[in-house]
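Coordinates as given in data-v7.pdb (PDB, C-alpha atoms):
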ATOM      1  CA  MET A   1       0.000   0.000   0.000  1.00  0.00           C
ATOM      2  CA  ARG A   2       2.789   2.452   0.898  1.00  0.00           C
ATOM      3  CA  ARG A   3       4.696   1.680  -2.284  1.00  0.00           C
ATOM      4  CA  GLY A   4       1.645   2.512  -4.431  1.00  0.00           C
ATOM      5  CA  ARG A   5       1.090   5.814  -2.647  1.00  0.00           C
ATOM      6  CA  ALA A   6       4.765   6.761  -2.987  1.00  0.00           C
ATOM      7  CA  ARG A   7       4.681   5.964  -6.718  1.00  0.00           C
ATOM      8  CA  THR A   8       1.543   8.089  -7.128  1.00  0.00           C
ATOM      9  CA  LEU A   9       3.101  11.018  -5.263  1.00  0.00           C
ATOM     10  CA  LEU A  10       6.279  10.727  -7.325  1.00  0.00           C
ATOM     11  CA  THR A  11       4.280  10.678 -10.557  1.00  0.00           C
ATOM     12  CA  VAL A  12       2.283  13.728  -9.497  1.00  0.00           C
ATOM     13  CA  ALA A  13       5.490  15.561  -8.535  1.00  0.00           C
ATOM     14  CA  VAL A  14       7.083  14.801 -11.906  1.00  0.00           C
ATOM     15  CA  ALA A  15       3.944  15.947 -13.732  1.00  0.00           C
ATOM     16  CA  LEU A  16       3.888  19.195 -11.750  1.00  0.00           C
ATOM     17  CA  LEU A  17       7.570  19.800 -12.471  1.00  0.00           C
ATOM     18  CA  LEU A  18       6.995  19.209 -16.189  1.00  0.00           C
ATOM     19  CA  ALA A  19       4.008  21.555 -16.212  1.00  0.00           C
ATOM     20  CA  ALA A  20       5.920  24.217 -14.291  1.00  0.00           C
ATOM     21  CA  GLY A  21       8.885  23.846 -16.646  1.00  0.00           C
ATOM     22  CA  GLY A  22       6.627  24.307 -19.683  1.00  0.00           C
ATOM     23  CA  TRP A  23       4.991  27.340 -18.123  1.00  0.00           C
ATOM     24  CA  LEU A  24       8.396  28.838 -17.298  1.00  0.00           C
ATOM     25  CA  ALA A  25       9.668  28.167 -20.811  1.00  0.00           C
ATOM     26  CA  PHE A  26       6.777  30.087 -22.348  1.00  0.00           C
ATOM     27  CA  THR A  27       6.861  32.834 -19.732  1.00  0.00           C
ATOM     28  CA  LEU A  28      10.600  33.438 -19.544  1.00  0.00           C
ATOM     29  CA  VAL A  29      11.448  32.870 -23.191  1.00  0.00           C
ATOM     30  CA  GLY A  30       8.485  34.956 -24.314  1.00  0.00           C
ATOM     31  CA  ARG A  31       6.503  34.889 -27.497  1.00  0.00           C
ATOM     32  CA  ASP A  32       7.241  36.555 -30.797  1.00  0.00           C
ATOM     33  CA  THR A  33       5.249  39.751 -31.098  1.00  0.00           C
ATOM     34  CA  GLY A  34       5.678  39.920 -34.849  1.00  0.00           C
ATOM     35  CA  ALA A  35       8.135  42.788 -34.509  1.00  0.00           C
ATOM     36  CA  PRO A  36      11.377  42.125 -36.357  1.00  0.00           C
ATOM     37  CA  ALA A  37      14.616  41.613 -34.492  1.00  0.00           C
ATOM     38  CA  PRO A  38      17.128  44.411 -35.079  1.00  0.00           C
ATOM     39  CA  GLY A  39      18.418  44.208 -38.648  1.00  0.00           C
ATOM     40  CA  LYS A  40      15.829  41.600 -39.654  1.00  0.00           C
ATOM     41  CA  ALA A  41      12.736  42.142 -41.806  1.00  0.00           C
ATOM     42  CA  ALA A  42       9.322  41.278 -40.351  1.00  0.00           C
ATOM     43  CA  LEU A  43       8.051  37.938 -41.624  1.00  0.00           C
ATOM     44  CA  TRP A  44       4.909  37.489 -39.577  1.00  0.00           C
ATOM     45  CA  LYS A  45       2.000  39.928 -39.423  1.00  0.00           C
ATOM     46  CA  PRO A  46       1.533  41.939 -36.231  1.00  0.00           C
ATOM     47  CA  PRO A  47      -1.089  40.135 -34.137  1.00  0.00           C
ATOM     48  CA  ALA A  48      -4.605  41.475 -33.741  1.00  0.00           C
ATOM     49  CA  ARG A  49      -4.966  39.156 -30.721  1.00  0.00           C
ATOM     50  CA  PRO A  50      -1.532  38.548 -29.154  1.00  0.00           C
ATOM     51  CA  TRP A  51      -0.762  35.867 -26.597  1.00  0.00           C
ATOM     52  CA  GLN A  52      -0.836  36.853 -22.943  1.00  0.00           C
ATOM     53  CA  PRO A  53       0.064  34.595 -20.006  1.00  0.00           C
ATOM     54  CA  ASP A  54      -3.457  34.685 -18.560  1.00  0.00           C
ATOM     55  CA  HIS A  55      -5.459  34.654 -21.800  1.00  0.00           C
ATOM     56  CA  CYS A  56      -7.291  31.398 -20.983  1.00  0.00           C
ATOM     57  CA  GLU A  57      -8.198  32.731 -17.543  1.00  0.00           C
ATOM     58  CA  ARG A  58      -9.762  35.891 -18.990  1.00  0.00           C
ATOM     59  CA  ARG A  59     -11.480  34.191 -21.907  1.00  0.00           C
ATOM     60  CA  PRO A  60     -12.497  30.546 -22.252  1.00  0.00           C
ATOM     61  CA  CYS A  61     -10.187  28.479 -24.428  1.00  0.00           C
ATOM     62  CA  ARG A  62     -11.200  25.312 -26.294  1.00  0.00           C
ATOM     63  CA  PRO A  63      -9.845  21.979 -25.009  1.00  0.00           C
ATOM     64  CA  LEU A  64      -7.441  20.502 -27.558  1.00  0.00           C
ATOM     65  CA  ALA A  65      -6.372  17.269 -25.898  1.00  0.00           C
ATOM     66  CA  ALA A  66      -6.041  15.554 -22.556  1.00  0.00           C
ATOM     67  CA  VAL A  67      -2.663  13.896 -22.135  1.00  0.00           C
ATOM     68  CA  PRO A  68      -2.372  11.123 -19.543  1.00  0.00           C
ATOM     69  CA  VAL A  69       0.323  11.922 -16.990  1.00  0.00           C
ATOM     70  CA  GLY A  70       0.479   9.101 -14.458  1.00  0.00           C
ATOM     71  CA  PRO A  71      -2.923   8.747 -12.806  1.00  0.00           C
ATOM     72  CA  SER A  72      -3.889  12.282 -13.847  1.00  0.00           C
ATOM     73  CA  ARG A  73      -4.530  14.026 -17.148  1.00  0.00           C
ATOM     74  CA  LEU A  74      -2.952  17.234 -18.421  1.00  0.00           C
ATOM     75  CA  LEU A  75      -5.504  19.340 -20.300  1.00  0.00           C
ATOM     76  CA  LEU A  76      -4.148  21.254 -23.324  1.00  0.00           C
ATOM     77  CA  LEU A  77      -6.161  24.333 -24.271  1.00  0.00           C
ATOM     78  CA  VAL A  78      -6.192  26.382 -27.468  1.00  0.00           C
ATOM     79  CA  ASP A  79      -7.476  29.846 -28.244  1.00  0.00           C
ATOM     80  CA  PRO A  80      -8.519  29.719 -31.921  1.00  0.00           C
ATOM     81  CA  GLU A  81      -8.501  33.528 -32.139  1.00  0.00           C
ATOM     82  CA  LEU A  82      -4.849  33.809 -31.146  1.00  0.00           C
ATOM     83  CA  ASP A  83      -2.862  35.155 -34.086  1.00  0.00           C
ATOM     84  CA  ASP A  84       0.614  36.014 -32.842  1.00  0.00           C
ATOM     85  CA  ALA A  85       3.700  35.004 -34.807  1.00  0.00           C
ATOM     86  CA  VAL A  86       3.841  31.543 -33.195  1.00  0.00           C
ATOM     87  CA  ALA A  87       0.213  30.863 -34.152  1.00  0.00           C
ATOM     88  CA  GLN A  88       0.868  32.110 -37.703  1.00  0.00           C
ATOM     89  CA  TRP A  89       3.963  29.880 -37.925  1.00  0.00           C
ATOM     90  CA  GLY A  90       1.855  26.930 -36.735  1.00  0.00           C
ATOM     91  CA  ASP A  91      -0.741  27.642 -39.438  1.00  0.00           C
ATOM     92  CA  CYS A  92       2.042  27.789 -42.041  1.00  0.00           C
ATOM     93  CA  VAL A  93       3.648  24.511 -40.988  1.00  0.00           C
ATOM     94  CA  ASP A  94       0.252  22.804 -40.708  1.00  0.00           C
ATOM     95  CA  GLN A  95      -0.827  23.982 -44.165  1.00  0.00           C
ATOM     96  CA  PHE A  96       2.354  22.537 -45.682  1.00  0.00           C
ATOM     97  CA  ARG A  97       2.001  19.296 -43.677  1.00  0.00           C
ATOM     98  CA  SER A  98      -1.628  18.867 -44.724  1.00  0.00           C
ATOM     99  CA  CYS A  99      -0.714  19.320 -48.373  1.00  0.00           C
ATOM    100  CA  VAL A 100       2.109  16.785 -48.222  1.00  0.00           C
ATOM    101  CA  ASP A 101      -0.025  14.312 -46.217  1.00  0.00           C
ATOM    102  CA  GLY A 102      -2.697  14.543 -48.914  1.00  0.00           C
ATOM    103  CA  LEU A 103      -0.329  13.457 -51.681  1.00  0.00           C
ATOM    104  CA  GLN A 104      -0.852   9.897 -52.890  1.00  0.00           C
ATOM    105  CA  ASP A 105       2.703   9.465 -54.117  1.00  0.00           C
ATOM    106  CA  PRO A 106       4.874  12.424 -53.035  1.00  0.00           C
ATOM    107  CA  THR A 107       7.484  13.527 -55.529  1.00  0.00           C
ATOM    108  CA  ALA A 108       9.964  16.376 -55.333  1.00  0.00           C
ATOM    109  CA  ALA A 109       7.822  18.398 -57.748  1.00  0.00           C
ATOM    110  CA  SER A 110       4.620  17.867 -55.741  1.00  0.00           C
ATOM    111  CA  VAL A 111       6.350  18.800 -52.453  1.00  0.00           C
ATOM    112  CA  HIS A 112       7.733  21.958 -54.102  1.00  0.00           C
ATOM    113  CA  ALA A 113       4.177  22.737 -55.256  1.00  0.00           C
ATOM    114  CA  CYS A 114       2.857  22.282 -51.697  1.00  0.00           C
ATOM    115  CA  MET A 115       5.289  24.885 -50.407  1.00  0.00           C
ATOM    116  CA  ALA A 116       4.643  27.243 -53.313  1.00  0.00           C
ATOM    117  CA  ASN A 117       0.908  27.092 -52.499  1.00  0.00           C
ATOM    118  CA  ALA A 118       1.296  27.379 -48.715  1.00  0.00           C
ATOM    119  CA  THR A 119      -0.234  30.847 -48.565  1.00  0.00           C
ATOM    120  CA  ALA A 120      -0.209  30.836 -44.736  1.00  0.00           C
ATOM    121  CA  CYS A 121       3.590  31.026 -45.005  1.00  0.00           C
ATOM    122  CA  PRO A 122       5.221  34.397 -45.674  1.00  0.00           C
ATOM    123  CA  ALA A 123       6.571  34.782 -49.224  1.00  0.00           C
ATOM    124  CA  PRO A 124      10.194  35.242 -48.034  1.00  0.00           C
ATOM    125  CA  CYS A 125       9.952  31.909 -46.196  1.00  0.00           C
ATOM    126  CA  ARG A 126       8.524  30.082 -49.212  1.00  0.00           C
ATOM    127  CA  GLU A 127      11.337  31.567 -51.310  1.00  0.00           C
ATOM    128  CA  ALA A 128      13.959  30.544 -48.720  1.00  0.00           C
ATOM    129  CA  PHE A 129      12.620  26.975 -48.856  1.00  0.00           C
ATOM    130  CA  GLN A 130      12.820  26.941 -52.666  1.00  0.00           C
ATOM    131  CA  ARG A 131      16.415  28.251 -52.540  1.00  0.00           C
ATOM    132  CA  ARG A 132      17.527  25.724 -49.915  1.00  0.00           C
ATOM    133  CA  ALA A 133      15.713  22.840 -51.593  1.00  0.00           C
ATOM    134  CA  GLY A 134      17.195  23.792 -54.961  1.00  0.00           C
ATOM    135  CA  ASP A 135      16.906  20.933 -57.407  1.00  0.00           C
ATOM    136  CA  ALA A 136      16.645  18.261 -54.707  1.00  0.00           C
ATOM    137  CA  SER A 137      14.917  15.267 -56.181  1.00  0.00           C
ATOM    138  CA  ASP A 138      14.815  13.172 -53.030  1.00  0.00           C
ATOM    139  CA  LEU A 139      12.265  13.660 -50.275  1.00  0.00           C
ATOM    140  CA  ALA A 140      14.960  13.512 -47.570  1.00  0.00           C
ATOM    141  CA  GLY A 141      16.676  16.554 -49.110  1.00  0.00           C
ATOM    142  CA  LEU A 142      13.366  18.429 -49.169  1.00  0.00           C
ATOM    143  CA  LEU A 143      12.679  17.539 -45.545  1.00  0.00           C
ATOM    144  CA  THR A 144      16.141  18.816 -44.611  1.00  0.00           C
ATOM    145  CA  ALA A 145      15.470  22.086 -46.466  1.00  0.00           C
ATOM    146  CA  PHE A 146      12.091  22.463 -44.726  1.00  0.00           C
ATOM    147  CA  SER A 147      13.685  21.859 -41.344  1.00  0.00           C
ATOM    148  CA  GLU A 148      16.472  24.366 -42.027  1.00  0.00           C
ATOM    149  CA  VAL A 149      13.974  27.083 -42.990  1.00  0.00           C
ATOM    150  CA  TYR A 150      11.135  26.470 -40.497  1.00  0.00           C
ATOM    151  CA  LEU A 151      12.103  24.145 -37.646  1.00  0.00           C
ATOM    152  CA  ASP A 152      15.764  24.374 -36.662  1.00  0.00           C
ATOM    153  CA  LEU A 153      16.622  26.627 -33.721  1.00  0.00           C
ATOM    154  CA  ASP A 154      18.404  29.032 -36.063  1.00  0.00           C
ATOM    155  CA  ALA A 155      15.835  28.723 -38.867  1.00  0.00           C
ATOM    156  CA  PRO A 156      15.124  32.083 -40.528  1.00  0.00           C
ATOM    157  CA  CYS A 157      11.351  31.522 -40.395  1.00  0.00           C
ATOM    158  CA  LEU A 158      11.092  30.240 -36.828  1.00  0.00           C
ATOM    159  CA  PRO A 159       9.428  32.932 -34.688  1.00  0.00           C
ATOM    160  CA  SER A 160      11.793  34.222 -32.059  1.00  0.00           C
ATOM    161  CA  SER A 161      11.534  36.177 -28.862  1.00  0.00           C
ATOM    162  CA  PRO A 162      11.959  39.924 -29.194  1.00  0.00           C
TER     163      PRO A 162
END
Using structure tokens, write down the structure from this file.
Amino acid sequence: MRRGRARTLLTVAVALLLAAGGWLAFTLVGRDTGAPAPGKAALWKPPARPWQPDHCERRPCRPLAAVPVGPSRLLLLVDPELDDAVAQWGDCVDQFRSCVDGLQDPTAASVHACMANATACPAPCREAFQRRAGDASDLAGLLTAFSEVYLDLDAPCLPSSP
């Protein structure tokens, strides 16, 4: 009986530490406001509804998923009206992903077409992808180019903190 209670308490403590770490990461690192970093052109539109730390407390957010964490569940919430640079980046990446997922037999040309038609992505980012992808004919090369432009920590189209 004691061993089960200790395991439950340990699991709850780990879940709380993970949640606190995630909250600190978003709070301390900050969110991109859409304003360009010094010497860098703005890629993302200025938000009409920017993210604020207490936005789900002031306005109800929609549940996105419940993730099991030990005996408890962590509820993930989303505000569909949020339109800061991180939300815009998410829309861009999701639009590209949806296009590629919808391809029956992906080819280099069809993946290039998906990015060219990803209108949620800023034009400079789509152009950077086309430059980095070049004439790559293999899907691994295109995935590398996509990662370098949108996902890597130093990617030019990854929203950053001001």
Inset, instruction - Step by step, work through what the PyMOL selection byres ((chain A and resi 115-124) around 8) selects in the shown file, and finish by giving those residues as a ChimeraX atom specification. - result: /A:43-44,88-89,91-93,95-96,111-114,125-129
Output C-alpha atoms for every residue in the selection just made, as a compact mmCIF listing (two decimals), in the coordinates of the input.
# COMPACT_ATOMS: atom_id res chain seq x y z
CA LEU A 43 8.05 37.94 -41.62
CA TRP A 44 4.91 37.49 -39.58
CA GLN A 88 0.87 32.11 -37.70
CA TRP A 89 3.96 29.88 -37.92
CA ASP A 91 -0.74 27.64 -39.44
CA CYS A 92 2.04 27.79 -42.04
CA VAL A 93 3.65 24.51 -40.99
CA GLN A 95 -0.83 23.98 -44.16
CA PHE A 96 2.35 22.54 -45.68
CA VAL A 111 6.35 18.80 -52.45
CA HIS A 112 7.73 21.96 -54.10
CA ALA A 113 4.18 22.74 -55.26
CA CYS A 114 2.86 22.28 -51.70
CA CYS A 125 9.95 31.91 -46.20
CA ARG A 126 8.52 30.08 -49.21
CA GLU A 127 11.34 31.57 -51.31
CA ALA A 128 13.96 30.54 -48.72
CA PHE A 129 12.62 26.98 -48.86
Inset, instruction - Mind giving me the straight-line distance from atom CA of A:Leu103 to atom CA of A:Leu139 in Å, one decimal? - result: 12.7 Å
Legend entry - Straight-line distance linking atom CA of A:Ala145 with atom CA of A:Ser160, stated in Å to one decimal: 19.2 Å
I'd like the box whose edges run along x, y and z of the file and which contains every listed atom of stretch 133-148 of chain A, padded by 4 Å per side; could you state its centre and edge lengths in Å, one decimal, as JSON?
{"center_x": 14.6, "center_y": 18.8, "center_z": -49.4, "size_x": 13.1, "size_y": 19.2, "size_z": 24.1}
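Note that atom CA of A:Pro71 and atom CA of A:Pro53 are 27.0 Å apart.
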Legend entry - Residue among A:Ser98, A:Pro106, A:Asp79, A:Lys45 lying closest to A:Arg58, counting only C-alpha atoms: A:Asp79
Inset, instruction - Fewer than 5 positions away in the same chain doesn't count, so skip those; otherwise give me all residues within 10 Å of A:Pro60, counting all atoms listed in the file, as a PyMOL selection string. - result: chain A and resi 55+77-79
